[in-house]
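Source file: run.cif; contents: mmCIF, C-alpha atoms and all ligand atoms.
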data_data
#
loop_
_atom_site.label_atom_id
_atom_site.label_comp_id
_atom_site.auth_asym_id
_atom_site.auth_seq_id
_atom_site.Cartn_x
_atom_site.Cartn_y
_atom_site.Cartn_z
CA MET A 245 3.63 -18.11 -3.48
CA GLU A 246 3.42 -16.79 -7.00
CA ARG A 247 0.17 -14.95 -7.66
CA LYS A 248 -1.48 -15.23 -11.05
CA ILE A 249 -3.00 -12.19 -12.73
CA LEU A 250 -5.29 -12.35 -15.73
CA VAL A 251 -5.10 -9.35 -18.05
CA ILE A 252 -8.16 -8.91 -20.27
CA GLU A 253 -7.37 -6.12 -22.73
CA ASP A 254 -7.81 -6.17 -26.49
CA GLU A 255 -5.14 -3.64 -27.36
CA GLN A 256 -2.08 -5.78 -27.91
CA ASN A 257 0.49 -3.17 -26.88
CA ILE A 258 -1.32 -2.24 -23.64
CA ASN A 259 -1.78 -5.89 -22.79
CA ASP A 260 1.93 -6.51 -23.46
CA ILE A 261 3.03 -3.55 -21.35
CA LEU A 262 0.80 -4.58 -18.45
CA SER A 263 1.99 -8.17 -18.59
CA PHE A 264 5.62 -7.08 -18.79
CA GLN A 265 5.23 -4.75 -15.82
CA LEU A 266 3.44 -7.38 -13.78
CA SER A 267 6.01 -10.06 -14.44
CA LYS A 268 8.72 -7.59 -13.45
CA ASP A 269 6.84 -7.20 -10.17
CA GLY A 270 6.99 -10.95 -9.69
CA TYR A 271 3.52 -11.97 -10.80
CA LYS A 272 2.64 -14.72 -13.21
CA THR A 273 0.43 -13.33 -15.96
CA ILE A 274 -2.01 -14.74 -18.46
CA SER A 275 -3.62 -12.66 -21.20
CA ALA A 276 -6.91 -12.57 -23.04
CA PHE A 277 -7.69 -10.22 -25.91
CA ASP A 278 -11.46 -10.37 -26.02
CA GLY A 279 -14.33 -10.70 -23.57
CA VAL A 280 -15.38 -14.24 -24.35
CA SER A 281 -11.98 -15.83 -23.93
CA GLY A 282 -11.30 -13.54 -20.95
CA LEU A 283 -14.42 -14.82 -19.22
CA GLU A 284 -13.49 -18.40 -19.97
CA MET A 285 -9.97 -17.95 -18.60
CA ALA A 286 -11.32 -16.18 -15.52
CA LEU A 287 -13.48 -19.18 -14.70
CA THR A 288 -11.06 -21.97 -15.62
CA GLN A 289 -7.53 -20.72 -14.87
CA ASN A 290 -8.03 -19.66 -11.23
CA PRO A 291 -6.38 -16.22 -11.39
CA ASP A 292 -5.74 -14.44 -8.08
CA LEU A 293 -6.74 -11.11 -9.59
CA ILE A 294 -8.13 -9.81 -12.86
CA LEU A 295 -7.38 -6.59 -14.73
CA LEU A 296 -10.35 -6.03 -16.97
CA ASP A 297 -10.65 -3.40 -19.69
CA VAL A 298 -14.11 -1.89 -20.17
CA MET A 299 -13.99 -1.54 -23.95
CA LEU A 300 -13.62 -4.99 -25.45
CA PRO A 301 -14.85 -6.44 -28.72
CA GLY A 302 -17.77 -8.87 -28.47
CA LEU A 303 -18.61 -9.17 -24.81
CA ASP A 304 -17.64 -5.87 -23.15
CA GLY A 305 -15.94 -5.46 -19.78
CA TYR A 306 -19.17 -4.77 -17.94
CA GLU A 307 -20.73 -8.03 -19.13
CA VAL A 308 -17.57 -9.98 -18.42
CA CYS A 309 -17.42 -8.57 -14.89
CA LYS A 310 -21.05 -9.40 -14.19
CA LYS A 311 -20.65 -12.94 -15.45
CA ILE A 312 -17.47 -13.56 -13.48
CA ARG A 313 -19.21 -12.32 -10.33
CA GLU A 314 -22.00 -14.82 -10.77
CA GLN A 315 -19.45 -17.54 -10.10
CA SER A 316 -16.41 -16.06 -8.39
CA ASN A 317 -15.27 -13.53 -5.81
CA VAL A 318 -11.84 -13.03 -7.43
CA PRO A 319 -10.72 -9.37 -7.11
CA ILE A 320 -11.45 -7.45 -10.31
CA ILE A 321 -9.84 -4.11 -11.15
CA MET A 322 -11.50 -2.48 -14.12
CA LEU A 323 -9.54 -0.35 -16.54
CA THR A 324 -11.53 2.60 -17.79
CA ALA A 325 -10.70 5.18 -20.39
CA ARG A 326 -13.16 7.78 -19.22
CA GLU A 327 -13.99 9.30 -15.86
CA ASP A 328 -17.71 9.06 -16.53
CA GLU A 329 -17.51 5.27 -16.66
CA VAL A 330 -16.49 5.18 -13.02
CA ASP A 331 -19.94 5.25 -11.44
CA LYS A 332 -21.08 2.38 -13.60
CA VAL A 333 -17.90 0.43 -13.00
CA LEU A 334 -18.28 0.57 -9.24
CA GLY A 335 -22.04 0.24 -9.37
CA LEU A 336 -24.00 -2.24 -7.39
CA GLU A 337 -24.93 -4.51 -10.26
CA LEU A 338 -21.40 -5.10 -11.57
CA GLY A 339 -19.44 -6.02 -8.47
CA ALA A 340 -15.97 -4.86 -9.51
CA ASP A 341 -13.62 -4.25 -6.59
CA ASP A 342 -11.71 -1.30 -7.92
CA TYR A 343 -10.91 0.62 -11.06
CA MET A 344 -8.16 2.63 -12.64
CA THR A 345 -8.62 5.36 -15.18
CA LYS A 346 -6.19 5.38 -18.10
CA PRO A 347 -3.50 6.57 -18.23
CA TYR A 348 -2.15 5.24 -14.94
CA SER A 349 1.35 5.05 -13.58
CA ASN A 350 3.14 1.81 -12.83
CA ARG A 351 3.33 2.87 -9.21
CA GLU A 352 -0.41 3.27 -9.05
CA LEU A 353 -0.95 -0.08 -10.74
CA THR A 354 1.38 -1.83 -8.32
CA ALA A 355 -0.27 -0.23 -5.29
CA ARG A 356 -3.77 -1.13 -6.43
CA ILE A 357 -2.89 -4.73 -7.17
CA LYS A 358 -1.16 -5.16 -3.83
CA ALA A 359 -4.07 -3.65 -1.92
CA ASN A 360 -6.61 -5.85 -3.70
CA LEU A 361 -4.57 -9.02 -3.34
CA ARG A 362 -4.13 -8.33 0.36
CA ARG A 363 -7.90 -8.11 0.79
CA SER A 364 -8.51 -11.38 -0.97
CA ALA A 365 -5.80 -13.16 1.01
CA ILE A 366 -8.07 -13.02 4.02
CA GLU A 367 -10.00 -16.18 3.33
CA PRO A 368 -13.18 -16.79 5.27
CA VAL A 369 -12.53 -19.42 7.92
CA PRO A 370 -14.48 -22.67 7.49
CA VAL A 371 -17.38 -22.71 9.93
CA ALA A 372 -16.36 -25.91 11.68
CA ALA A 373 -12.89 -24.57 12.44
CA VAL A 374 -14.08 -21.62 14.48
CA GLU A 375 -14.97 -21.69 18.13
CA ASP A 376 -17.50 -18.98 18.69
CA ASP A 377 -15.84 -16.19 20.57
CA VAL A 378 -18.11 -13.62 22.14
CA ASN A 379 -15.58 -10.90 21.40
CA SER A 380 -15.69 -11.58 17.71
CA ILE A 381 -19.41 -10.99 17.44
CA ILE A 382 -21.01 -7.58 17.13
CA ILE A 383 -24.77 -7.45 17.50
CA SER A 384 -26.78 -4.38 16.66
CA GLY A 385 -30.52 -4.43 16.03
CA ASP A 386 -31.23 -7.24 13.57
CA LEU A 387 -27.57 -7.36 12.46
CA THR A 388 -24.99 -9.86 13.68
CA ILE A 389 -21.43 -9.36 12.51
CA ASN A 390 -19.11 -12.26 13.11
CA THR A 391 -15.60 -10.92 12.58
CA GLU A 392 -13.96 -14.34 12.69
CA ARG A 393 -16.24 -16.04 10.25
CA TYR A 394 -16.44 -13.02 7.97
CA GLU A 395 -20.15 -13.39 8.16
CA VAL A 396 -23.01 -10.94 8.49
CA LEU A 397 -26.51 -12.03 9.43
CA LYS A 398 -29.60 -9.92 9.09
CA ASP A 399 -32.65 -11.33 10.82
CA ASN A 400 -30.64 -14.54 11.27
CA HIS A 401 -30.08 -14.91 7.54
CA VAL A 402 -26.57 -14.84 6.13
CA ILE A 403 -26.07 -11.91 3.76
CA ASP A 404 -24.06 -12.24 0.56
CA ILE A 405 -21.34 -9.68 1.14
CA THR A 406 -17.96 -9.00 -0.49
CA LEU A 407 -14.79 -8.86 1.57
CA ARG A 408 -14.44 -5.15 0.99
CA GLU A 409 -17.98 -4.48 2.14
CA PHE A 410 -17.38 -6.68 5.13
CA GLU A 411 -14.17 -4.87 6.07
CA LEU A 412 -15.90 -1.51 5.85
CA LEU A 413 -18.84 -2.63 7.97
CA LYS A 414 -16.56 -4.23 10.53
CA PHE A 415 -14.34 -1.16 10.74
CA LEU A 416 -17.27 1.16 11.34
CA ALA A 417 -19.15 -1.19 13.66
CA MET A 418 -16.15 -1.78 15.90
CA GLN A 419 -16.09 1.93 16.68
CA PRO A 420 -19.76 2.85 16.84
CA ASP A 421 -20.80 6.49 16.72
CA LYS A 422 -17.33 7.59 15.73
CA ILE A 423 -17.40 9.58 12.50
CA PHE A 424 -14.81 8.75 9.86
CA SER A 425 -13.99 10.84 6.83
CA ARG A 426 -13.95 9.15 3.43
CA GLU A 427 -10.18 9.62 3.28
CA LYS A 428 -9.77 7.93 6.65
CA LEU A 429 -11.94 5.02 5.52
CA LEU A 430 -9.95 4.63 2.30
CA GLU A 431 -6.76 4.56 4.29
CA ASN A 432 -8.00 2.04 6.85
CA VAL A 433 -10.26 -0.21 4.85
CA TRP A 434 -8.71 -0.07 1.38
CA GLY A 435 -5.16 0.38 2.55
CA TYR A 436 -3.94 2.94 0.09
CA GLU A 437 -3.77 6.57 0.96
CA TYR A 438 -2.96 8.33 -2.23
CA TYR A 439 -4.47 6.50 -5.13
CA GLY A 440 -8.01 5.95 -4.03
CA ASP A 441 -10.93 8.03 -5.12
CA VAL A 442 -13.33 8.90 -2.29
CA ARG A 443 -16.22 7.92 -4.55
CA THR A 444 -15.11 4.33 -4.00
CA VAL A 445 -16.17 4.74 -0.38
CA ASP A 446 -19.55 6.22 -1.28
CA VAL A 447 -20.31 3.44 -3.73
CA THR A 448 -19.32 0.72 -1.27
CA VAL A 449 -21.48 2.33 1.43
CA ARG A 450 -24.36 2.38 -1.04
CA ARG A 451 -23.89 -1.31 -1.84
CA LEU A 452 -23.67 -2.17 1.82
CA ARG A 453 -26.85 -0.28 2.62
CA GLU A 454 -28.70 -2.19 -0.08
CA LYS A 455 -27.78 -5.33 1.80
CA ILE A 456 -28.12 -4.44 5.47
CA GLU A 457 -30.70 -1.69 5.68
CA ASP A 458 -34.47 -2.21 5.58
CA ASP A 459 -34.75 1.00 3.60
CA PRO A 460 -31.40 2.02 2.03
CA SER A 461 -32.64 5.57 1.53
CA MET A 462 -33.34 5.87 5.28
CA PRO A 463 -30.36 4.03 6.76
CA LYS A 464 -30.39 2.99 10.41
CA TYR A 465 -26.90 1.49 10.61
CA ILE A 466 -24.49 3.37 8.39
CA ILE A 467 -25.28 7.03 8.73
CA THR A 468 -23.99 9.87 6.59
CA LYS A 469 -22.72 12.86 8.51
CA ARG A 470 -23.08 15.47 5.84
CA GLY A 471 -19.82 17.11 4.87
CA VAL A 472 -17.84 14.90 7.26
CA GLY A 473 -18.18 11.21 6.53
CA TYR A 474 -19.88 8.10 7.88
CA TYR A 475 -20.50 6.41 11.20
CA PHE A 476 -22.09 3.25 12.51
CA ASN A 477 -25.15 3.80 14.60
CA LYS A 478 -25.27 1.04 17.21
CA CA B 501 -9.90 -1.84 -25.07
#

When written as structure tokens, how does the structure in this file appear?
Amino acid sequence: MERKILVIEDEQNINDILSFQLSKDGYKTISAFDGVSGLEMALTQNPDLILLDVMLPGLDGYEVCKKIREQSNVPIIMLTAREDEVDKVLGLELGADDYMTKPYSNRELTARIKANLRRSAIEPVPVAAVEDDVNSIIISGDLTINTERYEVLKDNHVIDITLREFELLKFLAMQPDKIFSREKLLENVWGYEYYGDVRTVDVTVRRLREKIEDDPSMPKYIITKRGVGYYFNK
């Protein structure tokens, strides 16, 4: 199946190069050159993934990302020009899945896109189609993680969680008390060993804690082992 990628980037030559590279890799591409039309295409053209530049005329990349997230879980990789934009890009309020700092290599681009498309290919199974299987349910305190339904309940209420957050929680919870380094988590949950930035893990843990912990600053479930990594406390 041909996957469709939306490139939102105002610089014509960068947009052209990205689109050319992507079509060489076998993707169908569509392009937008400003935030407003990018947002509109994101919501009407059903892309499988979006490359979104931060600096755009009119509506900037941050606003576009936020607005897309209000309506869609499509994977979004943000393109940033500066390292110091990274924290904001991955921040809780935006909801981007990943980022790349310019300049990036074609190899890196290809790896990131593949990893993010793979994540999104795991569609949540419709509720009616699943027979509850005891083995697919992890219960800890007030948390219930249903690994077949891709569903997390806290206090019997379904939590709004992204696939990446879910995968991280599931990975940790399936091996409680085992400490994983950030690199190990990147490798296992994100699926790319060399291109990821360990901050991606920290930010996703932070987002997850906001959702599952009573007090994110005093986490009960996902615990930081200082200098080593994270573990799930069952
Ligand atoms: Ca730009």

Go through chain A residue by residue and, counting only C-alpha atoms and all ligand atoms, keep those with an atom at most 7 Å from ligand CA 501 (chain B); for each kept residue give the shortest atom pair and its distance in Å to one decimal, ordered by chain and increasing number, as CSV.
residue,atom,partner,partner_atom,distance
A:Glu253,CA,B:CA501,CA,5.5
A:Asp254,CA,B:CA501,CA,5.0
A:Glu255,CA,B:CA501,CA,5.6
A:Asp297,CA,B:CA501,CA,5.7
A:Val298,CA,B:CA501,CA,6.5
A:Met299,CA,B:CA501,CA,4.3
A:Leu300,CA,B:CA501,CA,4.9

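Using all atoms listed in the file, the smallest distance between any of A:Tyr394, A:Lys428, A:Thr444, A:Pro420 and Ile467 (chain A) comes from A:Pro420.
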
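Computed from the coordinates, the CA of Ile249 (chain A) to CA of Ile294 (chain A) distance equals 5.7 Å.
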
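Minimum atom-to-atom distance to Ala276 (chain A), evaluated using only C-alpha atoms, belongs to A:Ile252 out of A:Leu262, A:Met418, A:Leu293, A:Ile252.
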
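Distances to Ala417 (chain A) were evaluated for A:Thr448, A:Thr288, A:Thr273, A:Ser384 using only C-alpha atoms, and the minimum falls at A:Ser384.
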
(message) Between CA of Lys398 (chain A) and CA of Ser425 (chain A), what distance in Å does the model show, to one decimal?
(response) 26.1 Å
